[in-house]
$ cat run-v3.cif   # mmCIF, C-alpha atoms
data_input
#
loop_
_atom_site.group_PDB
_atom_site.id
_atom_site.type_symbol
_atom_site.label_atom_id
_atom_site.label_comp_id
_atom_site.auth_asym_id
_atom_site.auth_seq_id
_atom_site.Cartn_x
_atom_site.Cartn_y
_atom_site.Cartn_z
ATOM 1 C CA MET A 1 117.203 86.890 88.547
ATOM 2 C CA SER A 2 113.797 88.584 88.458
ATOM 3 C CA ALA A 3 112.515 90.431 91.485
ATOM 4 C CA PRO A 4 109.657 88.795 93.420
ATOM 5 C CA PRO A 5 106.206 90.243 92.726
ATOM 6 C CA THR A 6 105.279 93.107 95.000
ATOM 7 C CA ARG A 7 102.278 92.738 97.251
ATOM 8 C CA PRO A 8 99.656 95.497 97.398
ATOM 9 C CA ALA A 9 100.225 97.854 100.293
ATOM 10 C CA ARG A 10 97.998 97.095 103.249
ATOM 11 C CA PRO A 11 95.519 99.875 103.948
ATOM 12 C CA ARG A 12 96.162 102.096 106.930
ATOM 13 C CA LEU A 13 93.039 101.674 109.032
ATOM 14 C CA VAL A 14 92.117 104.783 110.998
ATOM 15 C CA PRO A 15 88.823 105.676 112.697
ATOM 16 C CA GLN A 16 86.725 108.254 110.886
ATOM 17 C CA ALA A 17 85.750 111.400 112.778
ATOM 18 C CA GLY A 18 83.745 114.546 112.166
ATOM 19 C CA PRO A 19 80.098 115.229 111.374
ATOM 20 C CA ALA A 20 79.913 112.446 108.757
ATOM 21 C CA ALA A 21 80.459 109.804 111.472
ATOM 22 C CA TRP A 22 77.002 110.165 113.004
ATOM 23 C CA ARG A 23 74.589 107.862 114.767
ATOM 24 C CA ALA A 24 70.898 108.504 114.372
ATOM 25 C CA ALA A 25 70.428 108.318 118.137
ATOM 26 C CA ASP A 26 72.678 111.385 118.513
ATOM 27 C CA LEU A 27 71.048 113.575 115.826
ATOM 28 C CA ARG A 28 68.449 116.296 116.358
ATOM 29 C CA THR A 29 65.828 116.981 113.722
ATOM 30 C CA ALA A 30 67.496 120.356 113.043
ATOM 31 C CA ASP A 31 70.680 118.492 112.080
ATOM 32 C CA TRP A 32 69.058 117.040 108.969
ATOM 33 C CA MET A 33 65.817 118.933 108.180
ATOM 34 C CA ILE A 34 65.306 122.409 106.689
ATOM 35 C CA PRO A 35 61.721 123.733 106.502
ATOM 36 C CA LEU A 36 60.546 125.527 103.370
ATOM 37 C CA GLY A 37 57.529 127.803 103.044
ATOM 38 C CA ALA A 38 55.295 129.635 100.619
ATOM 39 C CA GLU A 39 58.002 132.096 99.540
ATOM 40 C CA GLU A 40 60.361 129.303 98.465
ATOM 41 C CA ALA A 41 57.521 127.572 96.599
ATOM 42 C CA ALA A 42 56.693 130.831 94.808
ATOM 43 C CA GLU A 43 60.327 131.175 93.701
ATOM 44 C CA ILE A 44 60.276 127.679 92.232
ATOM 45 C CA GLU A 45 56.991 128.392 90.473
ATOM 46 C CA ALA A 46 58.410 131.593 88.944
ATOM 47 C CA ALA A 47 61.468 129.650 87.765
ATOM 48 C CA LEU A 48 59.256 127.028 86.111
ATOM 49 C CA ASP A 49 57.270 129.767 84.364
ATOM 50 C CA ALA A 50 60.502 131.193 82.970
ATOM 51 C CA LEU A 51 61.717 127.798 81.784
ATOM 52 C CA ALA A 52 58.471 127.100 79.894
ATOM 53 C CA GLY A 53 58.849 123.341 80.095
ATOM 54 C CA ARG A 54 62.570 122.900 79.453
ATOM 55 C CA ALA A 55 65.164 121.699 81.938
ATOM 56 C CA PRO A 56 67.651 124.303 83.226
ATOM 57 C CA ALA A 57 71.247 123.928 82.072
ATOM 58 C CA ALA A 58 72.753 126.200 84.750
ATOM 59 C CA PRO A 59 71.661 127.827 88.018
ATOM 60 C CA GLU A 60 71.782 131.260 86.360
ATOM 61 C CA GLU A 61 68.731 130.250 84.316
ATOM 62 C CA VAL A 62 66.680 129.764 87.490
ATOM 63 C CA PRO A 63 67.697 132.424 90.050
ATOM 64 C CA LEU A 64 66.329 131.693 93.509
ATOM 65 C CA PRO A 65 67.088 134.759 95.667
ATOM 66 C CA ARG A 66 65.726 133.241 98.866
ATOM 67 C CA LEU A 67 66.137 129.509 98.256
ATOM 68 C CA GLY A 68 69.497 129.678 96.474
ATOM 69 C CA PRO A 69 71.507 130.473 99.642
ATOM 70 C CA VAL A 70 69.677 127.645 101.431
ATOM 71 C CA LEU A 71 70.721 125.224 98.697
ATOM 72 C CA ARG A 72 74.332 126.396 98.975
ATOM 73 C CA GLN A 73 74.132 125.599 102.680
ATOM 74 C CA VAL A 74 72.702 122.192 101.816
ATOM 75 C CA ALA A 75 75.561 121.546 99.379
ATOM 76 C CA GLY A 76 78.034 122.162 102.206
ATOM 77 C CA ARG A 77 76.181 119.771 104.500
ATOM 78 C CA LEU A 78 76.223 117.067 101.842
ATOM 79 C CA ASP A 79 79.904 117.464 100.996
ATOM 80 C CA SER A 80 81.500 117.995 104.394
ATOM 81 C CA GLY A 81 78.719 117.682 106.983
ATOM 82 C CA GLN A 82 76.343 114.867 107.881
ATOM 83 C CA GLY A 83 75.851 114.024 104.206
ATOM 84 C CA VAL A 84 72.039 114.088 104.386
ATOM 85 C CA CYS A 85 69.386 116.805 104.349
ATOM 86 C CA LEU A 86 65.608 116.903 104.036
ATOM 87 C CA LEU A 87 63.773 119.889 102.571
ATOM 88 C CA ARG A 88 60.229 119.853 103.978
ATOM 89 C CA GLY A 89 57.191 122.005 103.271
ATOM 90 C CA LEU A 90 56.871 122.266 99.492
ATOM 91 C CA PRO A 91 53.160 122.106 98.542
ATOM 92 C CA ILE A 92 53.595 119.479 95.830
ATOM 93 C CA GLU A 93 49.904 119.661 94.896
ATOM 94 C CA ARG A 94 50.666 123.150 93.588
ATOM 95 C CA PHE A 95 52.743 121.544 90.829
ATOM 96 C CA ALA A 96 50.726 118.341 90.294
ATOM 97 C CA ALA A 97 49.021 117.348 87.060
ATOM 98 C CA GLY A 98 45.549 118.829 86.796
ATOM 99 C CA GLY A 99 46.373 121.546 89.310
ATOM 100 C CA PRO A 100 47.658 125.083 89.026
ATOM 101 C CA GLY A 101 51.149 123.853 88.167
ATOM 102 C CA ASP A 102 49.894 121.548 85.386
ATOM 103 C CA GLY A 103 52.114 118.561 86.076
ATOM 104 C CA ARG A 104 55.482 120.209 86.694
ATOM 105 C CA GLU A 105 56.788 118.016 89.497
ATOM 106 C CA GLU A 106 59.793 116.997 87.392
ATOM 107 C CA GLY A 107 60.664 120.653 86.905
ATOM 108 C CA VAL A 108 60.683 121.208 90.671
ATOM 109 C CA LEU A 109 63.461 118.656 91.108
ATOM 110 C CA GLN A 110 65.372 119.951 88.091
ATOM 111 C CA VAL A 111 65.287 123.536 89.395
ATOM 112 C CA LEU A 112 66.613 122.450 92.795
ATOM 113 C CA GLY A 113 69.190 120.175 91.178
ATOM 114 C CA ALA A 114 70.536 123.002 89.005
ATOM 115 C CA HIS A 115 71.716 124.756 92.185
ATOM 116 C CA LEU A 116 73.413 121.619 93.526
ATOM 117 C CA GLY A 117 75.159 120.018 90.550
ATOM 118 C CA ARG A 118 74.548 118.626 87.111
ATOM 119 C CA PRO A 119 72.608 115.441 86.231
ATOM 120 C CA VAL A 120 74.531 112.277 85.412
ATOM 121 C CA ALA A 121 71.429 110.417 84.194
ATOM 122 C CA PRO A 122 67.883 111.266 83.126
ATOM 123 C CA LEU A 123 65.437 112.009 85.913
ATOM 124 C CA GLN A 124 63.846 108.733 87.042
ATOM 125 C CA ALA A 125 60.348 107.895 88.279
ATOM 126 C CA VAL A 126 60.275 105.664 91.373
ATOM 127 C CA ALA A 127 56.876 104.036 91.776
ATOM 128 C CA GLY A 128 55.114 100.864 92.861
ATOM 129 C CA ASN A 129 56.686 97.808 94.406
ATOM 130 C CA ALA A 130 60.351 97.060 94.811
ATOM 131 C CA PRO A 131 61.710 94.611 92.196
ATOM 132 C CA GLU A 132 60.905 90.948 92.687
ATOM 133 C CA GLY A 133 63.564 89.336 94.853
ATOM 134 C CA ALA A 134 64.924 92.668 96.098
ATOM 135 C CA ARG A 135 66.428 92.535 99.592
ATOM 136 C CA ALA A 136 66.288 95.307 102.165
ATOM 137 C CA ARG A 137 69.970 96.227 102.045
ATOM 138 C CA PHE A 138 71.739 99.499 102.400
ATOM 139 C CA HIS A 139 73.304 100.555 99.116
ATOM 140 C CA ALA A 140 74.750 103.586 97.340
ATOM 141 C CA GLU A 141 74.022 105.054 93.931
ATOM 142 C CA GLY A 142 76.678 106.269 91.500
ATOM 143 C CA ALA A 143 76.601 110.031 92.068
ATOM 144 C CA ASP A 144 77.744 112.804 94.403
ATOM 145 C CA ILE A 145 74.153 113.695 95.355
ATOM 146 C CA VAL A 146 70.906 111.755 95.216
ATOM 147 C CA ALA A 147 67.802 113.989 95.143
ATOM 148 C CA LEU A 148 64.496 112.248 95.857
ATOM 149 C CA LEU A 149 61.192 114.139 95.598
ATOM 150 C CA THR A 150 58.234 112.324 97.186
ATOM 151 C CA LEU A 151 55.014 112.803 95.220
ATOM 152 C CA ARG A 152 52.607 110.382 96.913
ATOM 153 C CA GLN A 153 52.737 107.915 99.779
ATOM 154 C CA PRO A 154 50.520 104.968 100.802
ATOM 155 C CA PRO A 155 48.437 105.336 103.992
ATOM 156 C CA GLN A 156 51.080 103.592 106.116
ATOM 157 C CA PRO A 157 54.429 104.210 104.411
ATOM 158 C CA GLU A 158 57.679 102.609 105.469
ATOM 159 C CA PRO A 159 60.176 105.234 106.648
ATOM 160 C CA ALA A 160 63.290 105.889 104.617
ATOM 161 C CA GLU A 161 66.390 104.549 106.381
ATOM 162 C CA LEU A 162 69.854 106.036 105.969
ATOM 163 C CA ILE A 163 73.138 105.180 107.615
ATOM 164 C CA ALA A 164 76.553 106.851 107.822
ATOM 165 C CA ALA A 165 79.260 104.865 106.017
ATOM 166 C CA ALA A 166 81.909 106.292 108.380
ATOM 167 C CA THR A 167 80.049 104.957 111.416
ATOM 168 C CA VAL A 168 79.750 101.490 109.869
ATOM 169 C CA HIS A 169 83.494 101.638 109.124
ATOM 170 C CA ASN A 170 84.286 102.565 112.734
ATOM 171 C CA GLU A 171 82.082 99.800 114.144
ATOM 172 C CA MET A 172 83.824 97.234 111.960
ATOM 173 C CA MET A 173 87.190 98.554 113.109
ATOM 174 C CA LYS A 174 86.212 97.974 116.747
ATOM 175 C CA ARG A 175 85.009 94.435 116.157
ATOM 176 C CA ASP A 176 87.110 92.881 113.406
ATOM 177 C CA ARG A 177 90.031 94.772 111.878
ATOM 178 C CA ALA A 178 90.809 91.900 109.524
ATOM 179 C CA ALA A 179 87.265 92.019 108.131
ATOM 180 C CA LEU A 180 87.533 95.774 107.664
ATOM 181 C CA GLU A 181 90.863 95.373 105.880
ATOM 182 C CA THR A 182 89.126 92.910 103.535
ATOM 183 C CA LEU A 183 86.606 95.593 102.556
ATOM 184 C CA HIS A 184 89.415 98.097 101.884
ATOM 185 C CA ALA A 185 90.714 95.669 99.265
ATOM 186 C CA PRO A 186 89.117 95.327 95.811
ATOM 187 C CA LEU A 187 86.119 93.040 95.351
ATOM 188 C CA PRO A 188 84.585 92.092 91.977
ATOM 189 C CA HIS A 189 81.497 94.187 91.113
ATOM 190 C CA LEU A 190 79.218 94.100 88.078
ATOM 191 C CA PRO A 191 77.966 97.679 87.490
ATOM 192 C CA GLY A 192 74.373 98.143 86.371
ATOM 193 C CA ASP A 193 73.016 95.607 83.876
ATOM 194 C CA GLU A 194 76.319 95.059 82.117
ATOM 195 C CA ALA A 195 77.266 91.642 80.786
ATOM 196 C CA GLY A 196 80.770 91.897 82.204
ATOM 197 C CA PRO A 197 83.550 91.655 82.891
ATOM 198 C CA ALA A 198 83.435 92.610 86.546
ATOM 199 C CA VAL A 199 85.444 95.542 87.898
ATOM 200 C CA GLU A 200 87.556 95.306 91.052
ATOM 201 C CA LEU A 201 86.551 97.937 93.597
ATOM 202 C CA PRO A 202 86.748 98.365 97.388
ATOM 203 C CA VAL A 203 83.828 99.141 99.675
ATOM 204 C CA PHE A 204 85.898 101.620 101.708
ATOM 205 C CA THR A 205 88.647 103.796 100.281
ATOM 206 C CA SER A 206 89.652 107.447 99.943
ATOM 207 C CA ALA A 207 89.427 109.864 97.042
ATOM 208 C CA SER A 208 90.931 113.337 96.775
ATOM 209 C CA GLY A 209 92.157 112.874 100.334
ATOM 210 C CA ALA A 210 88.684 112.172 101.756
ATOM 211 C CA PHE A 211 87.128 108.970 103.093
ATOM 212 C CA ILE A 212 84.410 107.425 100.948
ATOM 213 C CA GLY A 213 82.268 104.320 101.237
ATOM 214 C CA ARG A 214 80.428 102.806 98.276
ATOM 215 C CA TYR A 215 78.431 99.700 99.135
ATOM 216 C CA ALA A 216 76.664 97.699 96.432
ATOM 217 C CA ARG A 217 76.373 94.075 97.527
ATOM 218 C CA ASP A 218 73.892 93.335 94.748
ATOM 219 C CA ALA A 219 76.625 94.314 92.266
ATOM 220 C CA ILE A 220 79.099 92.049 94.095
ATOM 221 C CA GLU A 221 76.706 89.100 93.972
ATOM 222 C CA ALA A 222 75.858 89.811 90.321
ATOM 223 C CA ALA A 223 79.554 89.507 89.477
ATOM 224 C CA GLN A 224 79.623 86.069 91.106
ATOM 225 C CA ARG A 225 77.100 84.855 88.541
ATOM 226 C CA LEU A 226 79.697 85.318 85.800
ATOM 227 C CA ALA A 227 81.797 82.215 85.236
ATOM 228 C CA GLN A 228 84.960 84.242 84.656
ATOM 229 C CA THR A 229 84.723 86.101 88.000
ATOM 230 C CA PRO A 230 86.979 84.799 90.799
ATOM 231 C CA ARG A 231 84.907 83.348 93.642
ATOM 232 C CA LEU A 232 84.649 85.309 96.875
ATOM 233 C CA SER A 233 86.622 83.817 99.724
ATOM 234 C CA ALA A 234 84.993 82.811 102.981
ATOM 235 C CA ALA A 235 86.693 85.806 104.621
ATOM 236 C CA GLN A 236 85.237 88.207 102.052
ATOM 237 C CA VAL A 237 81.707 86.826 102.481
ATOM 238 C CA ALA A 238 82.054 87.001 106.273
ATOM 239 C CA ALA A 239 83.206 90.634 106.063
ATOM 240 C CA LEU A 240 80.189 91.566 103.930
ATOM 241 C CA ASP A 241 77.882 89.720 106.329
ATOM 242 C CA LEU A 242 79.364 91.617 109.277
ATOM 243 C CA LEU A 243 78.789 94.897 107.445
ATOM 244 C CA ASP A 244 75.121 93.971 106.876
ATOM 245 C CA THR A 245 74.759 92.962 110.525
ATOM 246 C CA ILE A 246 76.136 96.292 111.754
ATOM 247 C CA CYS A 247 73.855 98.228 109.405
ATOM 248 C CA ALA A 248 70.824 96.466 110.915
ATOM 249 C CA GLU A 249 71.664 97.347 114.524
ATOM 250 C CA PRO A 250 69.326 99.810 116.282
ATOM 251 C CA GLY A 251 70.431 103.373 116.892
ATOM 252 C CA LEU A 252 72.669 103.684 113.836
ATOM 253 C CA ALA A 253 70.242 104.279 110.964
ATOM 254 C CA LEU A 254 68.229 107.477 110.622
ATOM 255 C CA ARG A 255 64.551 106.745 109.920
ATOM 256 C CA ILE A 256 62.597 109.502 108.149
ATOM 257 C CA GLU A 257 58.874 109.340 107.416
ATOM 258 C CA LEU A 258 58.734 111.010 104.023
ATOM 259 C CA ARG A 259 55.704 113.132 103.150
ATOM 260 C CA PRO A 260 54.473 114.322 99.752
ATOM 261 C CA GLY A 261 56.569 117.361 98.819
ATOM 262 C CA ASP A 262 59.619 116.252 100.823
ATOM 263 C CA VAL A 263 62.955 116.473 99.007
ATOM 264 C CA LEU A 264 65.478 114.026 100.454
ATOM 265 C CA LEU A 265 69.084 114.817 99.543
ATOM 266 C CA TYR A 266 72.066 112.683 100.468
ATOM 267 C CA ASN A 267 75.661 112.038 99.465
ATOM 268 C CA PRO A 268 75.963 108.315 98.604
ATOM 269 C CA LEU A 269 79.726 108.440 99.143
ATOM 270 C CA GLN A 270 78.993 109.153 102.819
ATOM 271 C CA VAL A 271 75.426 107.948 103.428
ATOM 272 C CA TRP A 272 73.770 104.708 102.305
ATOM 273 C CA LYS A 273 70.027 104.280 101.886
ATOM 274 C CA ARG A 274 68.161 101.053 102.536
ATOM 275 C CA ARG A 275 66.330 99.627 99.539
ATOM 276 C CA ALA A 276 62.718 98.522 100.092
ATOM 277 C CA GLU A 277 61.952 94.803 100.098
ATOM 278 C CA ALA A 278 59.985 93.191 97.295
ATOM 279 C CA GLY A 279 56.270 93.804 97.859
ATOM 280 C CA ALA A 280 56.898 96.979 99.867
ATOM 281 C CA ALA A 281 56.225 100.597 98.915
ATOM 282 C CA ALA A 282 52.998 99.931 96.972
ATOM 283 C CA GLY A 283 51.329 103.275 96.274
ATOM 284 C CA ARG A 284 54.547 105.241 96.654
ATOM 285 C CA GLU A 285 55.515 107.637 93.877
ATOM 286 C CA ALA A 286 58.685 109.680 93.759
ATOM 287 C CA LEU A 287 61.174 111.242 91.387
ATOM 288 C CA ARG A 288 64.928 110.704 91.633
ATOM 289 C CA LEU A 289 67.764 112.767 90.187
ATOM 290 C CA LEU A 290 71.443 111.801 90.368
ATOM 291 C CA LEU A 291 73.906 114.701 90.377
ATOM 292 C CA VAL A 292 77.628 115.331 90.266
ATOM 293 C CA THR A 293 78.967 118.451 91.937
ATOM 294 C CA PRO A 294 81.646 120.971 90.892
ATOM 295 C CA ASN A 295 83.947 119.626 93.633
ATOM 296 C CA SER A 296 83.287 115.983 92.702
ATOM 297 C CA ARG A 297 86.002 113.717 94.077
ATOM 298 C CA ALA A 298 88.146 111.706 91.683
ATOM 299 C CA LEU A 299 86.803 108.192 92.281
ATOM 300 C CA PRO A 300 88.660 104.942 91.541
ATOM 301 C CA GLY A 301 87.941 103.697 88.020
ATOM 302 C CA GLY A 302 84.476 102.204 87.642
ATOM 303 C CA MET A 303 83.257 103.190 91.093
ATOM 304 C CA ALA A 304 80.945 105.936 89.813
ATOM 305 C CA ALA A 305 79.031 103.392 87.708
ATOM 306 C CA LEU A 306 77.761 101.368 90.650
ATOM 307 C CA GLY A 307 74.056 101.742 91.141
ATOM 308 C CA GLY A 308 73.826 104.574 88.618
#

$ encode --input "run-v3.cif" --output "structure tokens"
Amino acid sequence: MSAPPTRPARPRLVPQAGPAAWRAADLRTADWMIPLGAEEAAEIEAALDALAGRAPAAPEEVPLPRLGPVLRQVAGRLDSGQGVCLLRGLPIERFAAGGPGDGREEGVLQVLGAHLGRPVAPLQAVAGNAPEGARARFHAEGADIVALLTLRQPPQPEPAELIAAATVHNEMMKRDRAALETLHAPLPHLPGDEAGPAVELPVFTSASGAFIGRYARDAIEAAQRLAQTPRLSAAQVAALDLLDTICAEPGLALRIELRPGDVLLYNPLQVWKRRAEAGAAAGREALRLLLVTPNSRALPGGMAALGG
């Protein structure tokens, strides 16, 4: 007589603690912003001169005596701190096309990125309106670090909004443990623009002994458009709706008014960023670099592809 099929072990739900479980209302500016000055800008400019137009392959190629230790501090914040940091004060016009830097904005981000990790995708330009039909949801890219360099902003820009995945997890635990358990179980996702099949991944899980949250509802809904994908249950849809509702509540999300020259850095395994709605962000120009770090956590199969 064959043994009955074993059921997957139910996740052990525990509240998340530590600096990653923050609320914006409890943060000071010094908790997430580091000012930079003329000396740091001069170091970057010297590094770009030495590179002569090529991208650095290792931090040793672009030594930053003053800024390097700052970036090591930032790496610690992103991995085991609040998971978000803003570098403010770089005179981006110094590196802009037609100026003294002769269009080297991409190099600025590559020099900084070399001290934080290695790229997992080509550097991307982020400009103009959000895609048609895009919804203002929090989401996470497929990387250990997202680096976003703001080049230009419209006269009245929308602030960037970021939220701590651990705090969302804790709020769900208070209100509906069954819904939270649903999001610890695999859900079908369709990574990127792939034709399928979908991959089964949780929203909340752990990797290398650490809590992680990877939210990509667009990828979940894309998977539902494939005929071969199992349909989401009413409980799964309700759990995702509750997550979205919590994310929209005041006091949780950190709102940052980005300025030209700002470098926003965050760990998408800990911090989710809200995507702009369709028709928003006209006149905004930025560069984005996705990085993996030397201490990258071993993610469940397929999870790193989401949003990458």

$ atom_distance --input "run-v3.cif" --atom1 "CA of Gly89 (chain A)" --atom2 "CA of Ala38 (chain A)"
8.3 Å

$ closest_residue --input "run-v3.cif" --among "A:Val126, A:Ile92, A:Val70, A:Ala223" --to "Gly107 (chain A)" --atoms "all atoms listed in the file"
A:Ile92

$ closest_atom_pairs --input "run-v3.cif" --of "region 114-194 of chain A" --to "region 283-296 of chain A" --cutoff "7 Å" --atoms "only C-alpha atoms" --output "tab-separated table"
residue	atom	partner	partner_atom	distance
A:Leu116	CA	A:Thr293	CA	6.6
A:Gly117	CA	A:Thr293	CA	4.3
A:Arg118	CA	A:Leu291	CA	5.1
A:Pro119	CA	A:Leu291	CA	4.4
A:Val120	CA	A:Leu291	CA	5.6
A:Ala121	CA	A:Leu290	CA	6.3
A:Leu123	CA	A:Leu289	CA	4.9
A:Gln124	CA	A:Arg288	CA	5.1
A:Ala125	CA	A:Leu287	CA	4.6
A:Val126	CA	A:Ala286	CA	4.9
A:Ala127	CA	A:Glu285	CA	4.4
A:Gly128	CA	A:Gly283	CA	5.6
A:Ala143	CA	A:Leu291	CA	5.7
A:Asp144	CA	A:Val292	CA	4.8
A:Ile145	CA	A:Leu291	CA	5.1
A:Val146	CA	A:Leu290	CA	4.9
A:Ala147	CA	A:Leu289	CA	5.1
A:Leu148	CA	A:Arg288	CA	4.5
A:Leu149	CA	A:Leu287	CA	5.1
A:Thr150	CA	A:Ala286	CA	4.4
A:Leu151	CA	A:Ala286	CA	5.0
A:Arg152	CA	A:Glu285	CA	5.0
A:Gln153	CA	A:Arg284	CA	4.5
A:Pro154	CA	A:Gly283	CA	4.9

$ write_last_selection --input "run-v3.cif" --atoms "C-alpha atoms" --output "compact mmCIF listing (two decimals), keeping the file's coordinate frame"
# COMPACT_ATOMS: atom_id res chain seq x y z
CA LEU A 116 73.41 121.62 93.53
CA GLY A 117 75.16 120.02 90.55
CA ARG A 118 74.55 118.63 87.11
CA PRO A 119 72.61 115.44 86.23
CA VAL A 120 74.53 112.28 85.41
CA ALA A 121 71.43 110.42 84.19
CA LEU A 123 65.44 112.01 85.91
CA GLN A 124 63.85 108.73 87.04
CA ALA A 125 60.35 107.90 88.28
CA VAL A 126 60.28 105.66 91.37
CA ALA A 127 56.88 104.04 91.78
CA GLY A 128 55.11 100.86 92.86
CA ALA A 143 76.60 110.03 92.07
CA ASP A 144 77.74 112.80 94.40
CA ILE A 145 74.15 113.70 95.36
CA VAL A 146 70.91 111.76 95.22
CA ALA A 147 67.80 113.99 95.14
CA LEU A 148 64.50 112.25 95.86
CA LEU A 149 61.19 114.14 95.60
CA THR A 150 58.23 112.32 97.19
CA LEU A 151 55.01 112.80 95.22
CA ARG A 152 52.61 110.38 96.91
CA GLN A 153 52.74 107.92 99.78
CA PRO A 154 50.52 104.97 100.80

$ axis_aligned_box --input "run-v3.cif" --around "region 170-180 of chain A" --padding-each-side "3 Å" --output "AutoDock Vina command-line options"
--center_x 86.4 --center_y 97.2 --center_z 112.2 --size_x 14.7 --size_y 16.7 --size_z 15.1

$ residues_around --input "run-v3.cif" --residues "region 45-61 of chain A" --least-positions-apart "6" --cutoff "7 Å" --atoms "all atoms listed in the file" --output "list of chain:residue names"
A:Gly107, A:Gln110, A:Val111, A:Ala114, A:His115

$ resolve_selection --input "run-v3.cif" --expression "the PyMOL selection byres ((chain A and resi 24) around 12)" --output "ChimeraX atom specification"
/A:19-23,25-29,31-32,82,84,161-164,167,247,249-256,271

$ resolve_selection --input "run-v3.cif" --expression "the PyMOL selection byres ((chain A and resi 239) around 10)" --output "MDAnalysis selection string"
chainID A and resid 172 176:183 233:238 240:245

$ write_last_selection --input "run-v3.cif" --atoms "C-alpha atoms" --output "mmCIF file, in the frame of the given file"
data_model
loop_
_atom_site.group_PDB
_atom_site.id
_atom_site.type_symbol
_atom_site.label_atom_id
_atom_site.label_comp_id
_atom_site.auth_asym_id
_atom_site.auth_seq_id
_atom_site.Cartn_x
_atom_site.Cartn_y
_atom_site.Cartn_z
ATOM 1 C CA MET A 172 83.824 97.234 111.960
ATOM 2 C CA ASP A 176 87.110 92.881 113.406
ATOM 3 C CA ARG A 177 90.031 94.772 111.878
ATOM 4 C CA ALA A 178 90.809 91.900 109.524
ATOM 5 C CA ALA A 179 87.265 92.019 108.131
ATOM 6 C CA LEU A 180 87.533 95.774 107.664
ATOM 7 C CA GLU A 181 90.863 95.373 105.880
ATOM 8 C CA THR A 182 89.126 92.910 103.535
ATOM 9 C CA LEU A 183 86.606 95.593 102.556
ATOM 10 C CA SER A 233 86.622 83.817 99.724
ATOM 11 C CA ALA A 234 84.993 82.811 102.981
ATOM 12 C CA ALA A 235 86.693 85.806 104.621
ATOM 13 C CA GLN A 236 85.237 88.207 102.052
ATOM 14 C CA VAL A 237 81.707 86.826 102.481
ATOM 15 C CA ALA A 238 82.054 87.001 106.273
ATOM 16 C CA LEU A 240 80.189 91.566 103.930
ATOM 17 C CA ASP A 241 77.882 89.720 106.329
ATOM 18 C CA LEU A 242 79.364 91.617 109.277
ATOM 19 C CA LEU A 243 78.789 94.897 107.445
ATOM 20 C CA ASP A 244 75.121 93.971 106.876
ATOM 21 C CA THR A 245 74.759 92.962 110.525
#

$ atom_distance --input "run-v3.cif" --atom1 "CA of Pro35 (chain A)" --atom2 "CA of Tyr266 (chain A)"
16.3 Å

$ closest_residue --input "run-v3.cif" --among "A:Leu36, A:Ala42, A:Val74, A:Ala160" --to "Glu257 (chain A)" --atoms "all atoms listed in the file"
A:Ala160

$ closest_residue --input "run-v3.cif" --among "A:Gln156, A:Leu258, A:Leu109, A:Pro11" --to "Pro202 (chain A)" --atoms "all atoms listed in the file"
A:Pro11

$ resolve_selection --input "run-v3.cif" --expression "the PyMOL selection byres ((chain A and resi 268) around 9)" --output "short mmCIF file (atom, residue, chain, number, x, y, z; two decimals) with C-alpha atoms, in the frame of the given file"
data_model
loop_
_atom_site.label_atom_id
_atom_site.label_comp_id
_atom_site.auth_asym_id
_atom_site.auth_seq_id
_atom_site.Cartn_x
_atom_site.Cartn_y
_atom_site.Cartn_z
CA GLY A 83 75.85 114.02 104.21
CA HIS A 139 73.30 100.56 99.12
CA ALA A 140 74.75 103.59 97.34
CA GLU A 141 74.02 105.05 93.93
CA GLY A 142 76.68 106.27 91.50
CA ALA A 143 76.60 110.03 92.07
CA ASP A 144 77.74 112.80 94.40
CA ILE A 145 74.15 113.70 95.36
CA VAL A 146 70.91 111.76 95.22
CA ALA A 165 79.26 104.86 106.02
CA ILE A 212 84.41 107.42 100.95
CA GLY A 213 82.27 104.32 101.24
CA ARG A 214 80.43 102.81 98.28
CA TYR A 215 78.43 99.70 99.14
CA TYR A 266 72.07 112.68 100.47
CA ASN A 267 75.66 112.04 99.46
CA LEU A 269 79.73 108.44 99.14
CA GLN A 270 78.99 109.15 102.82
CA VAL A 271 75.43 107.95 103.43
CA TRP A 272 73.77 104.71 102.30
CA LYS A 273 70.03 104.28 101.89
#

$ residues_near_point --input "run-v3.cif" --point "(94.7, 105.8, 108.8)" --cutoff "12 Å" --atoms "all atoms listed in the file" --output "ChimeraX atom specification"
/A:10-17,169-170,173,181,184,205-206,209-211

$ closest_residue --input "run-v3.cif" --among "A:Ile246, A:Leu265, A:Val168, A:Leu90" --to "Ala75 (chain A)" --atoms "only C-alpha atoms"
A:Leu265

$ atom_distance --input "run-v3.cif" --atom1 "CA of Lys174 (chain A)" --atom2 "CA of Ala248 (chain A)"
16.5 Å

$ build_atoms --input "run-v3.cif" --residues "region 203-207 of chain A" --atoms "N, CA and C atoms" --output "compact mmCIF listing (two decimals), keeping the file's coordinate frame"
# COMPACT_ATOMS: atom_id res chain seq x y z
N VAL A 203 84.99 98.51 99.03
CA VAL A 203 83.83 99.14 99.68
C VAL A 203 84.26 100.45 100.33
N PHE A 204 85.38 100.43 101.04
CA PHE A 204 85.90 101.62 101.71
C PHE A 204 87.23 102.01 101.07
N THR A 205 87.40 103.29 100.83
CA THR A 205 88.65 103.80 100.28
C THR A 205 88.70 105.30 100.53
N SER A 206 89.60 105.99 99.86
CA SER A 206 89.65 107.45 99.94
C SER A 206 89.81 107.99 98.53
N ALA A 207 89.32 109.20 98.33
CA ALA A 207 89.43 109.86 97.04
C ALA A 207 89.64 111.34 97.29
